[in-house]
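Chemist: To be precise about what I am sending: the file is called structure_6.txt and holds compact mmCIF, C-alpha atoms.
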# COMPACT_ATOMS: atom_id res chain seq x y z
CA MET A 1 18.42 -23.52 17.33
CA GLU A 2 18.41 -27.33 17.38
CA ILE A 3 14.95 -27.31 18.91
CA LEU A 4 13.63 -24.95 16.24
CA SER A 5 15.17 -27.08 13.50
CA ALA A 6 13.62 -30.20 15.00
CA ALA A 7 10.27 -28.42 15.23
CA ALA A 8 10.48 -27.18 11.65
CA GLN A 9 11.41 -30.65 10.43
CA GLN A 10 8.37 -32.17 12.15
CA PHE A 11 5.97 -29.40 11.08
CA ALA A 12 7.13 -29.72 7.46
CA LEU A 13 6.93 -33.51 7.57
CA LYS A 14 3.70 -34.06 9.51
CA GLY A 15 1.97 -30.69 9.47
CA TYR A 16 1.17 -28.53 12.44
CA ALA A 17 -1.84 -30.44 13.77
CA ALA A 18 -0.20 -33.88 13.66
CA THR A 19 3.04 -32.74 15.31
CA SER A 20 3.21 -33.03 19.08
CA MET A 21 5.63 -31.42 21.49
CA ARG A 22 6.69 -34.99 22.34
CA ASP A 23 7.59 -35.58 18.65
CA ILE A 24 9.70 -32.44 18.59
CA ALA A 25 11.41 -33.29 21.87
CA ALA A 26 12.31 -36.76 20.58
CA VAL A 27 13.88 -35.37 17.38
CA ALA A 28 15.73 -32.70 19.37
CA GLY A 29 17.04 -35.33 21.79
CA LEU A 30 15.18 -33.92 24.80
CA LEU A 31 12.84 -35.36 27.34
CA ALA A 32 9.24 -34.44 26.53
CA GLY A 33 8.87 -32.15 29.54
CA SER A 34 12.20 -30.42 28.93
CA ILE A 35 10.96 -28.73 25.79
CA TYR A 36 8.65 -26.52 27.86
CA HIS A 37 11.72 -24.97 29.44
CA HIS A 38 12.44 -23.43 26.02
CA PHE A 39 8.95 -22.86 24.60
CA VAL A 40 5.65 -22.32 26.36
CA SER A 41 3.57 -23.90 23.59
CA LYS A 42 3.59 -25.45 20.16
CA ASP A 43 2.17 -22.17 18.81
CA ASP A 44 5.19 -20.25 20.13
CA MET A 45 7.50 -22.83 18.63
CA VAL A 46 5.98 -22.80 15.15
CA LEU A 47 5.95 -18.99 15.18
CA GLU A 48 9.64 -18.76 16.08
CA ALA A 49 10.60 -21.49 13.61
CA TYR A 50 8.60 -19.84 10.82
CA LYS A 51 10.12 -16.42 11.55
CA ALA A 52 13.63 -17.91 11.47
CA GLY A 53 12.86 -19.61 8.15
CA VAL A 54 11.50 -16.43 6.61
CA GLU A 55 14.58 -14.53 7.81
CA ARG A 56 16.86 -17.07 6.13
CA VAL A 57 15.00 -16.88 2.84
CA ILE A 58 14.94 -13.06 2.98
CA ALA A 59 18.71 -13.00 3.59
CA ALA A 60 19.31 -15.33 0.62
CA HIS A 61 16.94 -13.27 -1.56
CA ASP A 62 18.60 -9.96 -0.67
CA LEU A 63 22.08 -11.36 -1.24
CA ALA A 64 21.08 -12.88 -4.59
CA ILE A 65 19.75 -9.63 -6.06
CA ALA A 66 22.20 -7.21 -4.42
CA ASN A 67 24.41 -6.65 -7.45
CA VAL A 68 21.94 -7.45 -10.23
CA SER A 69 20.45 -4.53 -12.14
CA ASP A 70 18.43 -6.05 -15.01
CA PRO A 71 14.82 -6.58 -13.78
CA TRP A 72 14.46 -10.04 -15.33
CA ASP A 73 17.83 -11.14 -14.00
CA ARG A 74 16.87 -9.84 -10.55
CA LEU A 75 13.64 -11.82 -10.61
CA GLU A 76 15.45 -14.95 -11.73
CA ALA A 77 18.15 -14.54 -9.07
CA ALA A 78 15.46 -14.18 -6.41
CA CYS A 79 13.65 -17.29 -7.66
CA VAL A 80 16.87 -19.29 -7.66
CA ALA A 81 17.67 -18.17 -4.11
CA HIS A 82 14.13 -19.01 -2.98
CA LEU A 83 14.20 -22.48 -4.49
CA GLU A 84 17.73 -23.25 -3.31
CA CYS A 85 16.64 -22.39 0.24
CA LEU A 86 13.52 -24.54 0.08
CA LEU A 87 15.32 -27.54 -1.40
CA ALA A 88 18.40 -27.38 0.83
CA ASP A 89 18.80 -29.36 4.01
CA ASP A 90 17.51 -26.47 6.07
CA PRO A 91 14.30 -27.40 7.88
CA LEU A 92 13.63 -23.79 8.88
CA ALA A 93 13.56 -22.55 5.28
CA ARG A 94 11.49 -25.56 4.22
CA LEU A 95 8.80 -24.38 6.60
CA LEU A 96 7.98 -21.38 4.39
CA PRO A 97 5.38 -23.24 2.25
CA LEU A 98 3.62 -24.63 5.35
CA ASP A 99 -0.14 -24.89 4.85
CA LEU A 100 -1.25 -22.10 7.15
CA ARG A 101 -4.94 -23.00 6.89
CA GLN A 102 -4.42 -25.75 9.48
CA LEU A 103 -3.35 -23.26 12.17
CA PRO A 104 -5.48 -21.50 14.79
CA ALA A 105 -6.69 -18.13 13.48
CA GLU A 106 -4.50 -15.88 15.66
CA LEU A 107 -1.37 -17.92 14.94
CA ARG A 108 -2.18 -17.99 11.23
CA ARG A 109 -2.51 -14.19 11.24
CA LYS A 110 0.97 -13.83 12.76
CA LEU A 111 2.56 -16.22 10.27
CA VAL A 112 0.83 -14.53 7.35
CA LEU A 113 2.39 -11.22 8.45
CA GLU A 114 5.82 -12.88 8.40
CA ARG A 115 5.19 -14.46 5.00
CA ASP A 116 3.85 -11.22 3.55
CA SER A 117 6.98 -9.31 4.59
CA TYR A 118 8.91 -11.61 2.29
CA GLU A 119 6.35 -11.78 -0.50
CA ARG A 120 6.30 -7.98 -0.81
CA ARG A 121 9.88 -8.28 -2.06
CA PHE A 122 8.67 -10.57 -4.82
CA LEU A 123 5.83 -8.24 -5.72
CA THR A 124 8.34 -5.44 -6.21
CA LEU A 125 10.39 -7.64 -8.54
CA VAL A 126 7.35 -8.81 -10.48
CA LYS A 127 6.09 -5.23 -10.87
CA SER A 128 9.38 -4.36 -12.54
CA VAL A 129 8.77 -6.89 -15.33
CA VAL A 130 5.00 -7.35 -15.65
CA VAL A 131 3.23 -4.79 -17.77
CA GLY A 132 -0.41 -4.49 -16.87
CA HIS A 133 -2.76 -3.72 -14.10
CA GLU A 134 -2.26 -4.47 -10.40
CA PRO A 135 -4.20 -7.76 -10.45
CA ASP A 136 -1.86 -9.08 -13.19
CA GLU A 137 1.17 -8.27 -11.06
CA ARG A 138 -0.41 -9.82 -7.98
CA PHE A 139 -1.47 -12.96 -9.84
CA ALA A 140 1.92 -13.28 -11.49
CA ARG A 141 3.57 -13.11 -8.05
CA MET A 142 1.19 -15.68 -6.60
CA MET A 143 1.64 -17.98 -9.61
CA LEU A 144 5.42 -17.77 -9.45
CA LEU A 145 5.68 -18.27 -5.68
CA GLY A 146 3.08 -21.04 -5.86
CA ALA A 147 5.12 -22.87 -8.48
CA LEU A 148 8.34 -22.42 -6.53
CA ASN A 149 6.78 -23.53 -3.24
CA TRP A 150 5.03 -26.52 -4.79
CA THR A 151 8.38 -27.79 -6.05
CA THR A 152 9.02 -29.15 -2.55
CA THR A 153 6.29 -31.75 -3.14
CA TRP A 154 7.70 -33.23 -6.34
CA TYR A 155 11.41 -32.44 -6.33
CA LYS A 156 13.75 -35.45 -6.22
CA ARG A 157 17.34 -35.06 -5.06
CA GLY A 158 19.70 -35.67 -7.92
CA GLY A 159 17.16 -34.45 -10.47
CA GLU A 160 17.15 -31.04 -12.08
CA ALA A 161 19.18 -28.43 -10.25
CA PRO A 162 17.11 -25.86 -8.33
CA ARG A 163 18.74 -23.14 -10.46
CA LYS A 164 17.51 -24.79 -13.66
CA ILE A 165 13.96 -25.20 -12.31
CA ALA A 166 13.73 -21.59 -11.10
CA SER A 167 15.13 -20.29 -14.39
CA ALA A 168 12.55 -22.30 -16.33
CA PHE A 169 9.72 -20.83 -14.24
CA VAL A 170 10.95 -17.30 -14.97
CA ARG A 171 11.28 -18.08 -18.70
CA LEU A 172 7.67 -19.29 -18.71
CA LEU A 173 6.54 -16.10 -17.02
CA ARG A 174 8.60 -13.99 -19.38
CA GLY A 175 7.41 -15.73 -22.52
CA GLY A 176 3.77 -16.09 -21.67
CA PHE A 177 2.67 -13.33 -19.38
CA ALA A 178 5.02 -10.38 -19.40
CA THR A 179 6.99 -8.02 -21.53
CA ARG A 180 10.11 -6.07 -20.76
CA ARG A 181 9.49 -2.52 -19.61
Once more with this new file: its structure as structure tokens, please.
Modeler:
Amino acid sequence: MEILSAAAQQFALKGYAATSMRDIAAVAGLLAGSIYHHFVSKDDMVLEAYKAGVERVIAAHDLAIANVSDPWDRLEAACVAHLECLLADDPLARLLPLDLRQLPAELRRKLVLERDSYERRFLTLVKSVVVGHEPDERFARMMLLGALNWTTTWYKRGGEAPRKIASAFVRLLRGGFATRR
């Protein structure tokens, strides 16, 4: 898992295109050629790292909402879990908002499938609180996840707690775009 964490760290820091296998090997403490013993290509590595990150965020999401029954509280708990994962010192989870447009088409398709398996959970939560037509639910989900994911670009350690930020995003959604069912 150290290699995947090193890969995720480099992909999140530099982006997919600018990260070389040599960069990843150096961070993982391996010789450049040794990394190919573990992964055939950079594509395989980013796919495995991304899958592992999605799995971690899904696990945190599921745990956060497990015993919460109120729809708004469930949505808020999921947002808090999402943001806490992205802002923690976990390079795999921080890979979730990776700009997938920079990836080769086939690799992008695979990562989108992984991402969508997680985002469907959010759509279910948003549907439980947003009254309206399907596009409103879809746009509300995209807006909320976009805001949460973008936090990684401006968040400063020691600033607002991830819980407070996520709660504020849900309050904005609740006050401006949705009503309780």
Chemist: Mind checking which residues fall within 6 Å of range 87-103 of chain A, counting only C-alpha atoms, ignoring those fewer than 5 positions away in the same chain, and posting them as JSON, numbers by chain?
Modeler: {"A": [5, 8, 9, 12, 53, 108, 149]}
Chemist: When distances are computed from only C-alpha atoms, which of A:Ala28, A:Ala6, A:Leu125, A:Ile35 shows the smallest separation from Ser69 in chain A?
Modeler: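 Selected residue with least distance to Ser69 in chain A: A:Leu125.
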Chemist: Please, what distance in Å, to one decimal, runs between CA of Leu145 in chain A and CA of Arg174 in chain A?
Modeler: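 A separation of 14.6 Å between them.
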Chemist: Calculate how many Å separate CA of Leu148 in chain A from CA of Gly15 in chain A, rounding to one decimal.
Modeler: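 The value is 19.1 Å.
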Chemist: Between A:Lys156, A:Lys42, A:Arg120, A:Lys110, which residue has the minimum interatomic distance to Met21 in chain A, considering only C-alpha atoms?
Modeler: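 Looking only at the distances to Met21 in chain A, the closest residue turns out to be A:Lys42.
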Chemist: Between A:Trp150, A:Asp62, A:Leu75, A:Arg121, which is the closest to Leu173 in chain A once you count only C-alpha atoms?
Modeler: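 When distances to Leu173 in chain A are compared using only C-alpha atoms, the smallest one comes from A:Leu75.
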Chemist: For Leu47 in chain A, which of A:Leu63, A:Thr153, A:Arg109, A:Val170 is the closest residue, counting only C-alpha atoms?
Modeler: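 Of A:Leu63, A:Thr153, A:Arg109, A:Val170, the one nearest Leu47 in chain A, counting only C-alpha atoms, is A:Arg109.
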Chemist: For the atom pair CA of Leu123 in chain A and CA of Leu144 in chain A, what is the interatomic distance in Å to one decimal place?
Modeler: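 Calculated distance between CA of Leu123 in chain A and CA of Leu144 in chain A is 10.2 Å.
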Chemist: From the set A:Ile3, A:Ala147, A:Met142, A:Ala59, which residue has the shortest atom-to-atom contact distance to Asp23 in chain A, counting only C-alpha atoms?
Modeler: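 For Asp23 in chain A, the nearest of the candidates is A:Ile3.
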Chemist: Which of these, A:Ser20, A:Tyr118, A:Phe139, A:Ile65, has the shortest distance to Ala32 in chain A once you count all atoms listed in the file?
Modeler: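 Closest residue, counting all atoms listed in the file: A:Ser20.
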Chemist: If we count all atoms listed in the file, what is near Glu106 in chain A at a cut-off of 10 Å, once residues fewer than 5 positions away on the same chain are taken out, given as an MDAnalysis selection string?
Modeler: chainID A and resid 43 111:112
